[in-house]
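Undergrad: My questions will all concern the structure given below.
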Amino acid sequence: MLKKNEIVEVVIEDLSHQGSGVAKVDGFVFFVENALPGERIAMRVLKLNKKIGFGKVEEYLEKSPHRNEDLDAAYLRTGIADFGHLAYDQQLLFKAKQVKDNLHKTSGIDSVEVLPTIGMEQPYAYRNKAQIPVRRVNGQLETGFFRKNSHDLLPISDFYIQDKEIDKLILFVRDLLRRFQVSPYNEADQSGLIKNLVVRRGHYSGQMMLVFVTSRPKVFRVDQMVQMITEAFPQVVSIMQNVNDQNGNAIFGKDFKVLYGQDYISDSMLGNDYMISAQSFYQVNTVMAEKLYQTAMDFSELSQDDVVIDAYSGIGTIGLSFAKKVKKVYGVEVVEAAVKDAQKNAERNGIRNATFVVDTAEAAMEKWSKEGIKPSVILVDPPRKGLTESFIKASVAMEPKKITYVSCNPATMARDIKLYQELGYDLKKVQPVDLFPHTHHIETVALLSKLDVDQHIKVKLDMDELDITASESKATYEEIKDYVLKKNDMKVSNLYISQIKRKCGLEVGKNYNVSKKENPIVPNCPPEKEEAIREALEHFKMI
């Protein structure tokens with residue numbers, strides 16, 4: 001029987017979805033950080049549950065030929081580049097496999113080819129946005145990133161996947177804060193002023209925005225700092241302050257103040273110019289976002305007669321790219337500020353055939369349907385939780401010829417595609433696109449086409465009779481906790497279960513994750529408990 005701290009020789013057989021090596025020994029499945037398939041290692045046992053274990057590499061006995069030896073281990077410890085130890089060409093193969101495996105396991109789809117992942121020529125320094133915590137480490141103000149599953153700051157000066165000009169600005173501001181003896185935030189006693197630095201940079205424009213996130217409104221000698229920053233970095237056109245007096249995980253509070261310049265930067269994508277505010281959703285990898293959106297347009301095979309609905313339209317980046325090729329675009333988004341930005345961006349680019357409204361996608365589509373609007377293409381780009389049952393029903397009711405699905409989560413995409421196929425739409429093409437090199441994240445474009453009515457029988461289905469909510473109602477929280485306790489001899493909370501359900505795209509009750517404390521600190525589910533909860537969700541066929 002294995003024991004904690006025992007050292008055993010193992011061979012790594014696979015990679016987990018978050019980049020840990022997977023080994024099997026004595027009936028346990030071990031997850032080992034910084035270990036790759038094919039490697040033979042001496043592993044120290046760190047933790048054991050009933051079936052799951054966690055290990056640490058004590059010595060590499062045989063290394064993988066696909067190992068990236070140049071990676072600083074700090075990037076793995078913080079999760080900045082959790083796949084950075086794997087050669088980039090192998091990352092692309094792994095991500096395509098992730099998409100293919102999800103389609104097979106969830107949807108039973110093997111007949112549609114998953115195309116090779118589109119990767120970057122230079123897969124470094126691509127992030128156009130940084131959210132950097134500021135804390136005191138060993139008596140000195142530092143900027144860096146939190147270690148995985150903690151709020152312990154690891155000082156970092158080169159962020160590897162982040163725009164180098166952003167890195168330079170962060171270090172300059174860090175040194176200014178030290179010089180002016182500005183106090184960094186302390187979560188334990190909620191003291192200190194500077195909590196985070198947020199920086200955005202236009203990939204093509206070069207314009208930069210800096211946001212000081214502070215715990216209170218007053219900043220000592222801020223005018224001097226602003227002057228020194230703008231003199232050293234003329235490309236900084238916006239310096240703002242955001243006040244966040246809460247001790248939770250959210251970066252921004254409600255109140256913004258312009259300290260210098262304007263409250264936005266500009267950048268371009270696929271020939272359109274965009275205004276980007278501090279809170280705007282704008283893809284962090286501009287080069288690959290252009291390839292993602294171009295793939296969506298190519299899959300849609302657009303014509304000048306097409307009418308397109310852009311669900312989850314954000315600030316209009318995808319919809320306005322489509323607008324130049326079609327008759328009309330209707331965009332819908334629940335965030336009012338984003339819709340206002342989309343309207344301004346349409347006007348900014350002289351695009352008059354795009355309409356953006358504030359609403360849920362389901363309600364907007366019902367209204368448009370009553371107005372006689374018949375889209376030929378519905379474009380969806382949902383958050384990680386995927387689409388809701390009601391959205392899928394509403395989109396099918398409009399009978400578009402094509403549904404173009406842009407996904408950031410292959411698991412929820414596969415779940416949604418399964419339902420679309422049951423309701424008369426067939427999966428035709430699948431293309432992974434690597435917007436986040438050296439991380440486990442992957443974007444995918446999928447094309448669904450309406451089945452040929454001449455070759456298929458049309459059956460009217462009562463949606464109440466479809467078991468489409470089965471993935472959200474197979475087991476209660478108590479049943480999941482009981483399974484985890486019996487299977488892995490560990491206790492998990494409702495909070496942890498709700499966090500993992502969200503990761504898997506499952507619905508979560510409104511009251512979960514809500515603390516009654518005035519300034520709550522929400523703990524993240526530890527990796528070993530996440531694996532145990534995922535095992536339970538698989539057992540109950542929820543994922």
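Going through the structure tokens in order, the chains are called A, B, and so on, while each chain numbers its residues from 1 and the ligands are numbered from 1 in the order shown.
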Using only C-alpha atoms, which protein or nucleic acid residues come within 12 Å of Ser16 (chain A)? Drop anything in the same chain fewer than 2 positions from it, and give the result as a PyMOL selection string.
TA: chain A and resi 12-14+18-23+29-37+82-83+94-95+97-98+440+527+531
Undergrad: For region 231-233 of chain A, work out the shell of residues within 9 Å, counting only C-alpha atoms and skipping chain neighbours fewer than 3 positions away, then give it as a list in words.
TA: Leu169, Phe172, Met208, Val226, Gln227, Met228 and Val236 of chain A
Undergrad: Please identify all polymer residues within 8 Å of Val377 (chain A), counting only C-alpha atoms, omitting same-chain residues fewer than 5 positions from it, and present them as a PDB file with N, CA, C and O atoms, in the first residue's frame.
TA:
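Saved result, selection.pdb, follows:
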```
ATOM      1  N   SER A 300     -19.464  30.008 -42.579  1.00  0.00           N
ATOM      2  CA  SER A 300     -20.842  30.465 -42.813  1.00  0.00           C
ATOM      3  C   SER A 300     -21.154  30.658 -44.290  1.00  0.00           C
ATOM      4  O   SER A 300     -22.321  30.746 -44.665  1.00  0.00           O
ATOM      5  N   ASP A 306     -27.715  37.387 -47.135  1.00  0.00           N
ATOM      6  CA  ASP A 306     -27.856  36.754 -45.817  1.00  0.00           C
ATOM      7  C   ASP A 306     -28.287  37.748 -44.744  1.00  0.00           C
ATOM      8  O   ASP A 306     -27.864  38.916 -44.732  1.00  0.00           O
ATOM      9  N   VAL A 307     -29.128  37.249 -43.839  1.00  0.00           N
ATOM     10  CA  VAL A 307     -29.483  37.973 -42.610  1.00  0.00           C
ATOM     11  C   VAL A 307     -28.891  37.172 -41.450  1.00  0.00           C
ATOM     12  O   VAL A 307     -29.137  35.970 -41.326  1.00  0.00           O
ATOM     13  N   VAL A 308     -28.102  37.847 -40.605  1.00  0.00           N
ATOM     14  CA  VAL A 308     -27.356  37.175 -39.546  1.00  0.00           C
ATOM     15  C   VAL A 308     -27.802  37.691 -38.175  1.00  0.00           C
ATOM     16  O   VAL A 308     -27.932  38.898 -37.970  1.00  0.00           O
ATOM     17  N   ILE A 309     -28.044  36.762 -37.260  1.00  0.00           N
ATOM     18  CA  ILE A 309     -28.241  37.132 -35.855  1.00  0.00           C
ATOM     19  C   ILE A 309     -26.961  36.800 -35.103  1.00  0.00           C
ATOM     20  O   ILE A 309     -26.466  35.667 -35.169  1.00  0.00           O
ATOM     21  N   PRO A 400     -32.950  28.861 -39.049  1.00  0.00           N
ATOM     22  CA  PRO A 400     -31.854  29.331 -39.912  1.00  0.00           C
ATOM     23  C   PRO A 400     -31.280  28.172 -40.716  1.00  0.00           C
ATOM     24  O   PRO A 400     -31.365  27.005 -40.295  1.00  0.00           O
ATOM     25  N   LYS A 401     -30.691  28.481 -41.853  1.00  0.00           N
ATOM     26  CA  LYS A 401     -30.048  27.432 -42.642  1.00  0.00           C
ATOM     27  C   LYS A 401     -28.795  26.923 -41.930  1.00  0.00           C
ATOM     28  O   LYS A 401     -28.459  25.742 -41.994  1.00  0.00           O
ATOM     29  N   LYS A 402     -28.097  27.862 -41.264  1.00  0.00           N
ATOM     30  CA  LYS A 402     -26.825  27.503 -40.628  1.00  0.00           C
ATOM     31  C   LYS A 402     -26.736  28.110 -39.235  1.00  0.00           C
ATOM     32  O   LYS A 402     -27.228  29.209 -38.996  1.00  0.00           O
ATOM     33  N   ILE A 403     -26.088  27.377 -38.336  1.00  0.00           N
ATOM     34  CA  ILE A 403     -25.739  27.886 -37.010  1.00  0.00           C
ATOM     35  C   ILE A 403     -24.226  27.778 -36.884  1.00  0.00           C
ATOM     36  O   ILE A 403     -23.668  26.672 -36.983  1.00  0.00           O
ATOM     37  N   THR A 404     -23.574  28.900 -36.717  1.00  0.00           N
ATOM     38  CA  THR A 404     -22.114  28.927 -36.572  1.00  0.00           C
ATOM     39  C   THR A 404     -21.795  29.134 -35.104  1.00  0.00           C
ATOM     40  O   THR A 404     -22.124  30.159 -34.525  1.00  0.00           O
TER      41      THR A 404
END
```
Undergrad: Expressed in Å to a single decimal, how great is the separation between CA of Pro382 (chain A) and CA of Tyr420 (chain A)?
TA: 15.0 Å
Undergrad: Neighbouring residues of Asn5 (chain A) were defined as those with any atom within 8 Å, considering only C-alpha atoms; residues of the same chain fewer than 3 positions away were excluded. Please report them as a PDB file with C-alpha atoms, in the first residue's frame.
TA:
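Written output follows (part20.pdb):
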```pdb
ATOM      1  CA  ARG A  44       7.060  11.460  -4.487  1.00  0.00           C
ATOM      2  CA  VAL A  45       3.551  10.732  -3.230  1.00  0.00           C
ATOM      3  CA  LEU A  46       2.083  14.006  -1.934  1.00  0.00           C
TER       4      LEU A  46
END
```
Undergrad: When you draw a straight line from CA of His539 (chain A) to CA of Lys50 (chain A), how long is it in Å?
TA: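 Straight-line distance from CA of His539 (chain A) to CA of Lys50 (chain A) works out to 15.5 Å.
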Undergrad: Name the residues in contact with Ile392 (chain A) at a cut-off of 10 Å, using only C-alpha atoms, excluding same-chain residues fewer than 3 positions from it; report them as a list in words.
TA: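 Everything that qualifies: Glu362, Leu387, Thr388, Glu389, Ser395, Val396, Ala397, Asp416, Ile417, Leu419, Tyr420 and Leu423 of chain A.
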Undergrad: Check the smallest atom-to-atom distance from each of A:Lys4, A:Lys344, A:Arg136, A:Arg77 to Phe54 (chain A) using only C-alpha atoms, then report the winner.
TA: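 Of A:Lys4, A:Lys344, A:Arg136, A:Arg77, the one nearest Phe54 (chain A), counting only C-alpha atoms, is A:Lys4.
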Undergrad: Could you list, as a VMD selection string, every residue within 12 Å of Lys257 (chain A), counting only C-alpha atoms and ignoring same-chain residues fewer than 5 positions away?
TA: chain A and resid 210 to 214 217 to 219 238 to 243 262 to 263 278
Undergrad: Looking only at the backbone, which of the residues in region 198-294 of chain A does DSSP tag as alpha helix (DSSP H), as a list of chain:residue names?
TA: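 Alpha helix (DSSP H) members of region 198-294 of chain A, listed: A:Val222, A:Asp223, A:Gln224, A:Met225, A:Val226, A:Gln227, A:Met228, A:Ile229, A:Thr230, A:Glu231, A:Ala232, A:Thr286, A:Val287, A:Met288, A:Ala289, A:Glu290, A:Lys291, A:Leu292, A:Tyr293, A:Gln294.
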